[in-house]
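Everything below belongs to input-v5.cif, which stores mmCIF, C-alpha atoms.
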```cif
data_start
#
loop_
_atom_site.label_atom_id
_atom_site.label_comp_id
_atom_site.auth_asym_id
_atom_site.auth_seq_id
_atom_site.Cartn_x
_atom_site.Cartn_y
_atom_site.Cartn_z
CA MET A 391 -23.26 20.74 -33.39
CA HIS A 392 -26.99 21.45 -33.44
CA ALA A 393 -27.14 21.06 -37.21
CA VAL A 394 -25.25 17.78 -37.02
CA LEU A 395 -27.74 16.46 -34.46
CA VAL A 396 -30.67 17.54 -36.66
CA VAL A 397 -29.27 15.61 -39.62
CA VAL A 398 -27.57 12.65 -37.94
CA GLY A 399 -30.32 11.94 -35.38
CA PRO A 400 -33.13 11.33 -37.88
CA LEU A 401 -30.69 9.49 -40.17
CA LEU A 402 -29.71 7.04 -37.43
CA LEU A 403 -33.34 6.64 -36.41
CA SER A 404 -34.29 5.97 -40.05
CA LEU A 405 -31.60 3.31 -40.30
CA ALA A 406 -32.79 1.67 -37.09
CA LEU A 407 -36.43 1.70 -38.24
CA ALA A 408 -35.48 0.40 -41.68
CA GLY A 409 -33.46 -2.38 -40.07
CA GLY A 410 -36.38 -3.29 -37.79
CA ALA A 411 -38.84 -3.31 -40.69
CA ALA A 412 -36.50 -5.45 -42.80
CA ALA A 413 -36.01 -7.93 -39.94
CA LEU A 414 -39.77 -8.17 -39.38
CA ALA A 415 -40.40 -8.67 -43.09
CA ALA A 416 -37.74 -11.39 -43.25
CA HIS A 417 -39.25 -13.11 -40.19
CA ARG A 418 -42.77 -13.10 -41.65
CA ARG A 419 -41.74 -13.87 -45.17
CA VAL A 420 -43.06 -17.08 -46.66
CA PRO A 421 -40.41 -18.87 -48.74
CA ALA A 422 -41.06 -18.58 -52.46
CA ALA A 423 -40.83 -22.36 -52.76
CA SER A 424 -44.00 -22.79 -50.71
CA LEU A 425 -45.98 -20.40 -52.91
CA PRO A 426 -47.61 -21.26 -56.22
CA LEU A 427 -45.33 -20.15 -59.03
CA PRO A 428 -47.55 -17.28 -60.29
CA VAL A 429 -47.98 -15.97 -56.73
CA ALA A 430 -44.24 -16.03 -56.10
CA GLY A 431 -43.77 -14.28 -59.45
CA ALA A 432 -46.31 -11.61 -58.57
CA ARG A 433 -44.64 -11.02 -55.20
CA ARG A 434 -41.24 -10.76 -56.86
CA ARG A 435 -42.62 -8.32 -59.42
CA GLY A 436 -44.06 -6.19 -56.64
CA GLU A 437 -40.73 -6.19 -54.79
CA VAL A 438 -38.74 -5.28 -57.90
CA TRP A 439 -41.05 -2.37 -58.69
CA THR A 440 -40.98 -1.27 -55.06
CA GLY A 441 -37.19 -1.22 -55.26
CA LEU A 442 -37.35 0.87 -58.43
CA ALA A 443 -39.87 3.23 -56.85
CA ALA A 444 -37.71 3.58 -53.74
CA LEU A 445 -34.69 4.31 -55.93
CA ALA A 446 -36.65 6.94 -57.86
CA GLY A 447 -37.86 8.50 -54.61
CA ALA A 448 -34.43 8.50 -53.00
CA GLY A 449 -32.82 9.78 -56.20
CA THR A 450 -35.28 12.64 -56.44
CA ALA A 451 -34.75 13.52 -52.79
CA ALA A 452 -30.96 13.39 -53.26
CA ALA A 453 -31.24 15.63 -56.33
CA CYS A 454 -33.27 18.14 -54.31
CA LEU A 455 -30.67 18.06 -51.54
CA ALA A 456 -27.79 18.53 -53.99
CA GLY A 457 -29.64 21.38 -55.68
CA ALA A 458 -30.29 23.02 -52.33
CA TRP A 459 -26.63 22.64 -51.37
CA GLN A 460 -25.44 24.26 -54.58
CA SER A 461 -27.98 27.03 -54.92
CA ARG A 462 -28.59 27.66 -51.18
CA GLU A 463 -32.28 27.38 -52.00
CA GLU A 464 -34.20 26.37 -48.88
CA ARG A 465 -37.34 25.61 -50.88
CA LEU A 466 -35.63 22.56 -52.33
CA VAL A 467 -35.10 21.24 -48.81
CA VAL A 468 -38.69 21.67 -47.67
CA VAL A 469 -40.13 19.97 -50.77
CA LEU A 470 -37.67 17.07 -50.49
CA PRO A 471 -40.02 14.50 -48.84
CA LEU A 472 -42.95 15.29 -51.12
CA ALA A 473 -40.77 15.29 -54.25
CA GLY A 474 -39.47 11.86 -53.29
CA ALA A 475 -42.99 10.59 -52.56
CA THR A 476 -44.25 11.91 -55.89
CA ALA A 477 -41.50 10.07 -57.76
CA TYR A 478 -42.27 6.92 -55.75
CA ALA A 479 -46.00 7.17 -56.47
CA LEU A 480 -45.43 7.76 -60.20
CA VAL A 481 -43.25 4.64 -60.47
CA ALA A 482 -45.84 2.68 -58.46
CA LEU A 483 -48.48 3.96 -60.88
CA LEU A 484 -46.44 2.64 -63.78
CA ALA A 485 -46.10 -0.72 -62.01
CA GLU A 486 -49.87 -1.03 -61.52
CA ALA A 487 -50.68 0.14 -65.03
CA THR A 488 -48.37 -2.47 -66.55
CA TRP A 489 -49.50 -5.39 -64.38
CA PRO A 490 -49.53 -8.43 -66.69
CA ARG A 491 -52.93 -9.36 -68.13
CA PRO A 492 -53.94 -12.98 -68.71
CA ALA A 493 -53.06 -14.24 -72.16
CA THR A 494 -54.21 -17.85 -72.02
CA ARG A 495 -56.96 -19.16 -74.30
CA VAL A 496 -59.37 -19.96 -71.48
CA ARG A 497 -59.54 -17.36 -68.73
CA SER A 498 -61.56 -17.23 -65.57
CA ALA A 499 -62.38 -14.57 -63.03
CA ARG A 500 -64.09 -14.46 -59.67
CA LEU A 501 -67.22 -12.37 -59.41
CA LEU A 502 -65.70 -10.43 -56.56
CA VAL A 503 -66.25 -6.78 -55.80
CA ARG A 504 -63.06 -5.02 -54.74
CA SER A 505 -62.76 -1.48 -53.50
CA VAL A 506 -60.09 1.00 -52.53
CA ARG A 507 -61.16 0.78 -48.88
CA GLU A 508 -60.72 -2.98 -48.81
CA GLY A 509 -57.25 -2.66 -50.33
CA ALA A 510 -55.78 0.03 -48.13
CA SER A 511 -55.64 -0.15 -44.37
CA PRO A 512 -58.38 2.08 -42.86
CA GLY A 513 -56.00 3.34 -40.19
CA LEU A 514 -53.43 4.42 -42.75
CA LEU A 515 -56.13 6.02 -44.90
CA ARG A 516 -57.25 8.05 -41.87
CA CYS A 517 -53.62 9.00 -41.13
CA ALA A 518 -53.15 10.09 -44.74
CA ALA A 519 -56.30 12.20 -44.65
CA ALA A 520 -55.38 13.75 -41.28
CA GLY A 521 -51.76 14.38 -42.34
CA GLY A 522 -52.84 15.94 -45.63
CA ALA A 523 -55.45 18.14 -43.95
CA LEU A 524 -53.01 19.33 -41.26
CA LEU A 525 -50.34 20.06 -43.86
CA ALA A 526 -52.84 22.05 -45.93
CA ALA A 527 -53.93 23.96 -42.82
CA VAL A 528 -50.34 24.79 -41.83
CA CYS A 529 -49.55 25.88 -45.41
CA LEU A 530 -52.60 28.13 -45.44
CA LEU A 531 -51.86 29.58 -42.01
CA GLY A 532 -48.21 30.13 -42.91
CA ALA A 533 -49.17 31.88 -46.14
CA VAL A 534 -51.56 34.16 -44.26
CA LEU A 535 -49.23 34.98 -41.35
CA GLY A 536 -45.97 35.22 -43.32
CA ALA A 537 -44.36 38.47 -44.35
CA GLU A 538 -44.47 39.82 -47.88
CA ASP A 539 -41.22 38.09 -48.88
CA GLY A 540 -42.92 34.76 -48.15
CA ARG A 541 -39.98 33.46 -46.12
CA SER A 542 -40.12 35.37 -42.88
CA VAL A 543 -42.56 36.53 -40.24
CA GLU A 544 -42.74 40.00 -38.77
CA TRP A 545 -44.03 41.65 -35.63
CA SER A 546 -44.33 45.38 -35.20
CA SER A 547 -44.73 47.16 -31.89
CA PRO A 548 -48.14 48.84 -31.43
CA ASP A 549 -46.56 52.31 -31.79
CA GLY A 550 -44.96 51.27 -35.06
CA LEU A 551 -41.45 52.23 -33.95
CA ALA A 552 -39.95 48.76 -33.94
CA THR A 553 -40.32 45.74 -36.18
CA TRP A 554 -38.91 42.29 -35.59
CA SER A 555 -38.44 39.81 -38.36
CA ALA A 556 -37.53 36.14 -38.16
CA ALA A 557 -36.73 33.63 -40.85
CA THR A 558 -37.13 31.02 -42.08
CA PHE A 559 -40.91 31.02 -41.69
CA PRO A 560 -43.19 28.85 -43.86
CA GLY A 561 -44.69 31.76 -45.75
CA VAL A 562 -46.13 31.60 -49.22
CA ALA A 563 -42.72 31.25 -50.91
CA LEU A 564 -42.24 27.93 -49.14
CA THR A 565 -45.80 26.70 -48.83
CA ALA A 566 -46.79 27.28 -52.47
CA PRO A 567 -44.37 24.64 -53.87
CA ILE A 568 -45.27 22.34 -50.96
CA ALA A 569 -48.98 22.69 -51.73
CA ALA A 570 -48.39 22.04 -55.44
CA LEU A 571 -46.26 18.97 -54.80
CA GLY A 572 -48.64 17.77 -52.09
CA LEU A 573 -51.48 17.93 -54.57
CA LEU A 574 -49.44 16.04 -57.16
CA THR A 575 -48.53 13.37 -54.60
CA ALA A 576 -52.16 13.04 -53.53
CA VAL A 577 -53.35 12.67 -57.13
CA ALA A 578 -50.68 10.08 -58.00
CA THR A 579 -51.38 8.14 -54.78
CA ALA A 580 -55.12 8.19 -55.38
CA ALA A 581 -54.54 6.95 -58.93
CA VAL A 582 -52.47 4.01 -57.63
CA LEU A 583 -55.08 3.20 -54.98
CA HIS A 584 -57.77 3.16 -57.66
CA LEU A 585 -55.68 0.98 -59.98
CA VAL A 586 -54.82 -1.64 -57.34
CA PRO A 587 -58.36 -3.10 -57.01
CA VAL A 588 -58.87 -3.26 -60.77
CA ARG A 589 -55.57 -4.79 -61.76
CA PRO A 590 -55.72 -8.41 -63.00
CA SER A 591 -55.87 -11.13 -60.37
CA VAL A 592 -52.87 -13.37 -59.96
CA PRO A 593 -53.58 -16.76 -61.52
CA ALA A 594 -53.59 -19.63 -58.99
CA ALA A 595 -53.94 -17.23 -56.08
CA ASP A 596 -56.86 -17.76 -53.74
CA ASP A 597 -58.99 -14.82 -52.59
CA ALA A 598 -56.95 -14.19 -49.45
CA THR A 599 -53.58 -14.26 -51.23
CA ASP A 600 -54.78 -12.05 -54.06
CA ALA A 601 -56.22 -9.60 -51.52
CA ALA A 602 -52.93 -9.64 -49.57
CA LEU A 603 -50.91 -8.85 -52.69
CA ARG A 604 -53.20 -5.90 -53.43
CA ARG A 605 -53.13 -4.76 -49.80
CA VAL A 606 -49.34 -4.70 -49.81
CA ALA A 607 -49.21 -2.67 -53.04
CA ALA A 608 -51.73 -0.14 -51.69
CA HIS A 609 -50.01 0.02 -48.31
CA ARG A 610 -46.57 0.72 -49.78
CA VAL A 611 -47.64 3.75 -51.79
CA LEU A 612 -49.98 5.07 -49.12
CA ARG A 613 -47.41 4.85 -46.32
CA THR A 614 -44.78 6.64 -48.44
CA SER A 615 -47.09 9.50 -49.34
CA THR A 616 -48.44 9.77 -45.81
CA ALA A 617 -44.94 9.74 -44.33
CA ALA A 618 -43.84 12.45 -46.77
CA ALA A 619 -46.78 14.66 -45.80
CA VAL A 620 -46.19 14.11 -42.08
CA LEU A 621 -42.42 14.70 -42.36
CA THR A 622 -43.07 17.92 -44.30
CA LEU A 623 -45.56 18.92 -41.64
CA GLY A 624 -42.94 18.30 -38.94
CA GLY A 625 -40.42 20.44 -40.82
CA LEU A 626 -42.87 23.30 -41.28
CA LEU A 627 -43.85 23.18 -37.60
CA LEU A 628 -40.18 23.34 -36.63
CA LEU A 629 -39.60 26.37 -38.87
CA ALA A 630 -42.78 28.10 -37.73
CA GLY A 631 -42.08 27.41 -34.07
CA THR A 632 -38.46 28.55 -34.24
CA SER A 633 -39.09 31.76 -36.15
CA GLY A 634 -42.48 32.57 -34.64
CA GLY A 635 -41.22 32.24 -31.09
CA GLY A 636 -38.34 34.65 -31.59
CA LEU A 637 -40.34 37.79 -32.23
CA GLY A 638 -40.60 40.79 -29.91
CA GLY A 639 -38.32 42.25 -27.31
CA ASP A 640 -37.15 45.61 -25.94
CA TYR A 641 -36.62 48.64 -28.14
CA GLN A 642 -35.37 52.15 -27.55
CA VAL A 643 -37.82 55.00 -28.18
CA ALA A 644 -35.60 57.84 -26.88
CA ALA A 645 -32.34 58.24 -25.11
CA GLY A 646 -32.64 56.13 -22.00
CA THR A 647 -36.25 55.17 -22.67
CA TRP A 648 -36.98 51.61 -23.52
CA ARG A 649 -40.21 49.85 -24.25
CA SER A 650 -41.08 46.24 -24.60
CA SER A 651 -43.36 44.60 -27.13
CA ALA A 652 -44.17 41.00 -27.87
CA PRO A 653 -46.82 39.15 -29.83
CA PRO A 654 -49.96 38.09 -27.92
CA ARG A 655 -49.71 35.18 -25.52
CA GLY A 656 -51.75 32.99 -27.89
CA TRP A 657 -49.17 33.54 -30.64
CA ARG A 658 -46.31 32.54 -28.39
CA ALA A 659 -48.23 29.51 -27.15
CA LEU A 660 -48.92 28.46 -30.73
CA ALA A 661 -45.26 28.89 -31.65
CA GLY A 662 -44.28 26.80 -28.61
CA VAL A 663 -46.70 24.04 -29.51
CA ALA A 664 -45.42 24.04 -33.09
CA LEU A 665 -41.80 23.90 -31.97
CA TRP A 666 -42.19 21.16 -29.38
CA SER A 667 -44.59 19.03 -31.39
CA SER A 668 -42.37 19.01 -34.47
CA PRO A 669 -39.99 16.22 -33.30
CA ALA A 670 -42.96 14.00 -32.40
CA VAL A 671 -44.57 14.69 -35.77
CA ALA A 672 -41.32 13.95 -37.60
CA LEU A 673 -40.93 10.74 -35.60
CA ALA A 674 -44.48 9.74 -36.54
CA GLY A 675 -43.56 10.37 -40.18
CA LEU A 676 -40.48 8.14 -39.97
CA VAL A 677 -42.42 5.36 -38.23
CA THR A 678 -45.11 5.56 -40.92
CA LEU A 679 -42.46 5.33 -43.65
CA PHE A 680 -41.23 1.99 -42.34
CA TRP A 681 -44.56 0.59 -41.11
CA PRO A 682 -44.81 -3.00 -42.43
CA ALA A 683 -47.73 -3.95 -44.63
CA PRO A 684 -50.39 -6.10 -42.94
CA GLY A 685 -49.96 -9.13 -45.18
CA LEU A 686 -51.02 -12.66 -44.36
CA ARG A 687 -48.93 -14.53 -41.85
CA ARG A 688 -46.84 -17.63 -42.34
CA ARG A 689 -49.60 -19.93 -41.01
CA ARG A 690 -51.88 -19.23 -43.97
CA THR A 691 -49.71 -21.07 -46.49
CA THR A 692 -49.55 -18.07 -48.81
CA ALA A 693 -48.38 -14.94 -47.08
CA VAL A 694 -47.13 -11.63 -48.30
CA VAL A 695 -45.23 -9.08 -46.29
CA ALA A 696 -43.96 -5.73 -47.53
CA MET B 1011 -70.75 -14.98 -53.86
CA SER B 1012 -66.94 -14.82 -53.71
CA GLY B 1013 -66.72 -18.40 -55.00
CA LEU B 1014 -68.59 -17.66 -58.21
CA ARG B 1015 -66.50 -17.58 -61.34
CA VAL B 1016 -66.99 -16.82 -64.98
CA VAL B 1017 -64.94 -18.45 -67.70
CA VAL B 1018 -64.23 -17.09 -71.15
CA ASP B 1019 -62.81 -19.11 -74.01
CA THR B 1020 -61.18 -16.66 -76.40
CA ALA B 1021 -61.07 -19.27 -79.17
CA SER B 1022 -64.80 -19.98 -78.97
CA PRO B 1023 -66.97 -18.85 -81.89
CA VAL B 1024 -69.32 -17.35 -79.33
CA PRO B 1025 -68.28 -13.74 -78.69
CA ALA B 1026 -66.72 -13.11 -75.29
CA TYR B 1027 -69.45 -10.67 -74.25
CA GLU B 1028 -72.09 -13.29 -75.04
CA GLN B 1029 -70.25 -15.94 -73.02
CA LEU B 1030 -70.16 -13.55 -70.10
CA ARG B 1031 -73.81 -12.56 -70.49
CA ARG B 1032 -74.95 -16.18 -70.59
CA GLN B 1033 -72.98 -17.17 -67.51
CA VAL B 1034 -74.15 -14.24 -65.42
CA ALA B 1035 -77.73 -14.77 -66.62
CA THR B 1036 -77.47 -18.44 -65.62
CA LEU B 1037 -76.15 -17.51 -62.19
CA VAL B 1038 -79.11 -15.16 -61.71
CA THR B 1039 -81.66 -17.65 -63.04
CA THR B 1040 -80.40 -20.44 -60.82
CA GLY B 1041 -80.34 -18.20 -57.76
CA ALA B 1042 -76.57 -18.27 -57.29
CA LEU B 1043 -76.70 -14.51 -57.68
CA ARG B 1044 -79.52 -12.85 -55.76
CA THR B 1045 -81.20 -9.49 -55.86
CA GLY B 1046 -78.86 -6.87 -54.43
CA ASP B 1047 -75.67 -8.80 -55.15
CA ARG B 1048 -73.05 -6.57 -56.71
CA LEU B 1049 -71.11 -7.53 -59.81
CA PRO B 1050 -67.45 -6.53 -60.10
CA ALA B 1051 -66.62 -3.25 -61.77
CA ALA B 1052 -66.45 -3.73 -65.53
CA ARG B 1053 -62.85 -2.48 -65.50
CA ALA B 1054 -61.82 -5.06 -62.86
CA LEU B 1055 -63.56 -7.95 -64.62
CA ALA B 1056 -62.04 -6.92 -67.95
CA ALA B 1057 -58.58 -6.87 -66.36
CA ASP B 1058 -59.08 -10.27 -64.70
CA LEU B 1059 -60.23 -11.81 -67.98
CA GLY B 1060 -57.77 -9.96 -70.18
CA LEU B 1061 -60.63 -8.56 -72.25
CA ALA B 1062 -61.29 -5.09 -73.57
CA LEU B 1063 -63.33 -2.92 -71.24
CA GLY B 1064 -65.97 -2.47 -73.94
CA THR B 1065 -66.54 -6.24 -74.09
CA VAL B 1066 -67.49 -6.46 -70.42
CA GLN B 1067 -69.47 -3.24 -70.64
CA ARG B 1068 -71.45 -4.71 -73.54
CA ALA B 1069 -72.22 -7.86 -71.54
CA TYR B 1070 -73.41 -5.73 -68.63
CA ARG B 1071 -75.48 -3.58 -70.98
CA GLU B 1072 -77.18 -6.64 -72.46
CA LEU B 1073 -77.88 -7.96 -68.97
CA GLU B 1074 -79.32 -4.59 -68.04
CA LEU B 1075 -81.54 -4.57 -71.13
CA SER B 1076 -82.88 -7.99 -70.20
CA GLY B 1077 -83.70 -6.67 -66.72
CA LEU B 1078 -81.33 -8.92 -64.81
CA VAL B 1079 -79.05 -6.19 -63.50
CA ALA B 1080 -79.10 -2.44 -63.03
CA SER B 1081 -76.18 -0.04 -63.17
CA ARG B 1082 -76.14 2.52 -60.39
CA ARG B 1083 -73.70 5.33 -59.99
CA ARG B 1084 -72.88 4.70 -56.33
CA THR B 1085 -73.09 0.93 -56.05
CA GLY B 1086 -72.06 -0.17 -59.54
CA THR B 1087 -73.82 -3.04 -61.28
CA VAL B 1088 -76.34 -4.78 -59.06
CA VAL B 1089 -78.50 -7.85 -59.63
CA THR B 1090 -82.16 -6.84 -59.76
CA ALA B 1091 -83.96 -9.96 -60.95
CA THR B 1092 -84.97 -12.74 -58.64
CA ALA B 1093 -84.53 -16.36 -59.63
CA ALA B 1094 -87.63 -18.00 -60.99
CA PRO B 1095 -88.59 -20.81 -58.65
CA VAL B 1096 -87.32 -24.04 -60.16
CA ALA B 1097 -88.87 -27.27 -59.00
CA GLU B 1098 -86.40 -29.40 -57.10
CA GLU B 1099 -86.91 -32.43 -59.34
CA VAL B 1100 -86.13 -30.32 -62.43
CA ARG B 1101 -82.89 -29.15 -60.83
CA TRP B 1102 -81.98 -32.74 -59.97
CA ALA B 1103 -82.78 -33.84 -63.49
CA ALA B 1104 -80.52 -31.12 -64.89
CA GLU B 1105 -77.68 -32.04 -62.56
CA GLY B 1106 -78.10 -35.74 -63.39
CA TYR B 1107 -78.07 -34.99 -67.09
CA VAL B 1108 -74.91 -32.90 -66.83
CA GLU B 1109 -73.18 -35.57 -64.77
CA ARG B 1110 -74.02 -38.33 -67.24
CA ALA B 1111 -73.05 -36.21 -70.23
CA LEU B 1112 -69.68 -35.31 -68.72
CA GLN B 1113 -69.05 -38.94 -67.78
CA ALA B 1114 -69.77 -39.85 -71.42
CA GLY B 1115 -66.92 -37.57 -72.39
CA LEU B 1116 -68.91 -34.71 -73.91
CA ALA B 1117 -67.46 -31.21 -73.88
CA GLN B 1118 -69.36 -28.45 -72.09
CA GLU B 1119 -70.46 -26.87 -75.34
CA GLU B 1120 -71.72 -30.24 -76.60
CA VAL B 1121 -73.71 -30.70 -73.40
CA LEU B 1122 -75.33 -27.34 -73.98
CA ASP B 1123 -75.91 -28.10 -77.67
CA LEU B 1124 -77.88 -31.18 -76.70
CA VAL B 1125 -80.05 -29.11 -74.38
CA ARG B 1126 -80.61 -26.51 -77.09
CA ASP B 1127 -81.53 -29.27 -79.53
CA ALA B 1128 -83.97 -30.75 -77.02
CA LEU B 1129 -85.50 -27.32 -76.49
CA LEU B 1130 -85.91 -26.81 -80.23
CA ARG B 1131 -87.63 -30.20 -80.60
CA ALA B 1132 -89.91 -29.48 -77.66
CA SER B 1133 -90.92 -26.10 -79.01
CA SER B 1134 -91.57 -27.48 -82.52
CA ARG B 1135 -93.76 -30.23 -81.00
CA ARG B 1136 -95.78 -27.66 -79.12
CA ALA B 1137 -96.11 -25.21 -81.99
CA PRO B 1138 -99.08 -26.87 -83.83
CA ALA B 1139 -101.02 -27.05 -80.60
CA ARG B 1140 -101.12 -23.21 -80.28
#
```
Spit out the file's structure as structure tokens when you get a sec.
Amino acid sequence: MHAVLVVVGPLLLSLALAGGAAALAAHRRVPAASLPLPVAGARRRGEVWTGLAALAGAGTAAACLAGAWQSREERLVVVLPLAGATAYALVALLAEATWPRPATRVRSARLLVRSVREGASPGLLRCAAAGGALLAAVCLLGAVLGAEDGRSVEWSSPDGLATWSAATFPGVALTAPIAALGLLTAVATAAVLHLVPVRPSVPAADDATDAALRRVAAHRVLRTSTAAAVLTLGGLLLLAGTSGGGLGGDYQVAAGTWRSSAPPRGWRALAGVALWSSPAVALAGLVTLFWPAPGLRRRRTTAVVA
Amino acid sequence: MSGLRVVVDTASPVPAYEQLRRQVATLVTTGALRTGDRLPAARALAADLGLALGTVQRAYRELELSGLVASRRRTGTVVTATAAPVAEEVRWAAEGYVERALQAGLAQEEVLDLVRDALLRASSRRAPAR
């Protein structure tokens, strides 16, 4: 029952958030007929590539899940969000790298300086940095505190007579692939964010529309990668909190003589914080995943919404 | 500065880098671009114009050699030269000339050719006096 809730709850929430995001996007969407043809074409291109990237991400995540189901390999489950985000970012990178260049005889360009910071939302950039840093910190802490097998955590009584072990703990066996994939996701995302400001402008688009198209492209990849990092963080906190909080207890030293041993209060507090914060962190990850891009609104004649 | 544009005609006999150099130099000379104004990254401008990166980099290099811009690692390419003060009546005369020439149906390059021709005549008239 518990496992069903863990799977079905987030799934239903994801569907609700996706539905809300889709409804908002449809409400804000400017009809293609009221956009200049090249702008409508650029928006359509962005949407098609986003669909392909989402398919690649979902396909990769599904492959991880199927692999985990068959091989009973928990590592494939914990890397699932980051693997999906990496696939998404790589497809987005391909989309930006193949953005059509002008081919007319006479070409013009605005002398406009564009930067990564102008393209991506500052709030989302801060979330990405914070999420990445927290994930790295949890990976490092898990690797240090984990047992030698890299999947469990141990506590021994001070007299050395009893040892408690709990799994699954985010030790090095789990955090190493997460760190590697996290790094790959970060590199691919950074590459996309650097390509977005230097891709060719859309002909016939004014400054605001062109900036909105870029902002949407940057937002989509950044929110996916950030959400993946935050969801992974939530999962690791849940594992660490569950396993870390179950250590210690009573043990028999001689016939009729029992002693009690438990990790320090700080350890238990930390495990409690990890356990109880994990649903909120996971929720934040899901909300980030479906956060709509801050495109221009309907009023401005040319608007773009993710 | 966001309204400033550069135009490149890929069929022109003038190389693309030279077209770019001339236009940016004109914008600096006329004061449309001022000291401290940043130029777009060469990669972005090359993408917008559908040119090779090296073409834009060459234009920037030439501008840098003539002292109009400077390339800095942190801020990119920045305008360093200030516009020479141009008397108002000269500016009006130039604008009036361009307007009349365009009304007469001349192409932009022909308008410029006439100015170049006038400059050549003026300099040859002044040469014996030196």
Val1088 of chain B: which residues within 6 Å, counting only C-alpha atoms, same-chain residues fewer than 5 positions away excluded, as a JSON list (two decimals) with C-alpha atoms, keeping the file's coordinate frame?
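Listed below is the output, around32.json:
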```
[["chain", "number", "residue", "atom", "x", "y", "z"],
["B", 1046, "GLY", "CA", -78.86, -6.87, -54.43],
["B", 1047, "ASP", "CA", -75.67, -8.80, -55.15],
["B", 1048, "ARG", "CA", -73.05, -6.57, -56.71],
["B", 1049, "LEU", "CA", -71.11, -7.53, -59.81],
["B", 1079, "VAL", "CA", -79.05, -6.19, -63.50],
["B", 1080, "ALA", "CA", -79.10, -2.44, -63.03]]
```
To one decimal place, how far is atom CA of Trp489 of chain A from atom CA of Gly1086 of chain B in Å?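 Computing the Euclidean distance for atom CA of Trp489 of chain A and atom CA of Gly1086 of chain B yields 23.7 Å.
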Between B:Thr1020, B:Thr1087, B:Thr1092, B:Ser1076, which has the minimum distance to chain A (counting only C-alpha atoms)?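 Nearest to chain A: B:Thr1020.
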Show which residues sit within 9 Å of segment 671-687 of chain A, as a PyMOL selection string. Count all atoms listed in the file, and ignore same-chain residues fewer than 4 positions away. chain A and resi 400+403-404+407-408+410-412+414-415+418-420+511+514+598-599+601-603+605-610+613-625+627+667+691-696
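Considering only C-alpha atoms, the residue among B:Ala1069, B:Glu1099, B:Arg1135, B:Ala1062 positioned nearest to Ala1035 of chain B is B:Ala1069.
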Show me, as a short mmCIF file (atom, residue, chain, number, x, y, z; two decimals) with C-alpha atoms, in the frame of the given file, the residues of chain A whose atoms get within 7 Å of chain B, using only C-alpha atoms for the distance check.
```
data_model
loop_
_atom_site.label_atom_id
_atom_site.label_comp_id
_atom_site.auth_asym_id
_atom_site.auth_seq_id
_atom_site.Cartn_x
_atom_site.Cartn_y
_atom_site.Cartn_z
CA ARG A 491 -52.93 -9.36 -68.13
CA PRO A 492 -53.94 -12.98 -68.71
CA ALA A 493 -53.06 -14.24 -72.16
CA ARG A 495 -56.96 -19.16 -74.30
CA VAL A 496 -59.37 -19.96 -71.48
CA ARG A 497 -59.54 -17.36 -68.73
CA SER A 498 -61.56 -17.23 -65.57
CA ALA A 499 -62.38 -14.57 -63.03
CA ARG A 500 -64.09 -14.46 -59.67
CA LEU A 501 -67.22 -12.37 -59.41
CA LEU A 502 -65.70 -10.43 -56.56
CA VAL A 503 -66.25 -6.78 -55.80
CA VAL A 588 -58.87 -3.26 -60.77
CA ARG A 589 -55.57 -4.79 -61.76
CA PRO A 590 -55.72 -8.41 -63.00
CA SER A 591 -55.87 -11.13 -60.37
#
```
Taking (-45.0, 21.5, -34.8) in the file's coordinates as the center, which residues reach within 10 Å of it, counting all atoms listed in the file, put as a PyMOL selection string? chain A and resi 528+623-632+660-672
Could you state the separation of atom CA of Ala519 of chain A and atom CA of Ala580 of chain A in Å, given to one decimal place?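 Taking atom CA of Ala519 of chain A and atom CA of Ala580 of chain A, their separation equals 11.5 Å.
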Distance atom CA of Trp439 of chain A-atom CA of Leu484 of chain A, one decimal place?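 It comes out at 8.9 Å.
Proximity to segment 556-569 of chain A at 8 Å, evaluated using all atoms listed in the file and with sequence-adjacent residues fewer than 5 positions away removed, yields A:Arg465, A:Val468, A:Val469, A:Leu472, A:Ala526, A:Cys529, A:Leu530, A:Gly532, A:Ala533, A:Val534, A:Leu535, A:Gly536, A:Ala537, A:Asp539, A:Gly540, A:Arg541, A:Ser542, A:Val543, A:Glu544, A:Leu626, A:Leu629, A:Ala630, A:Ser633, A:Gly634, A:Gly636, A:Leu637.
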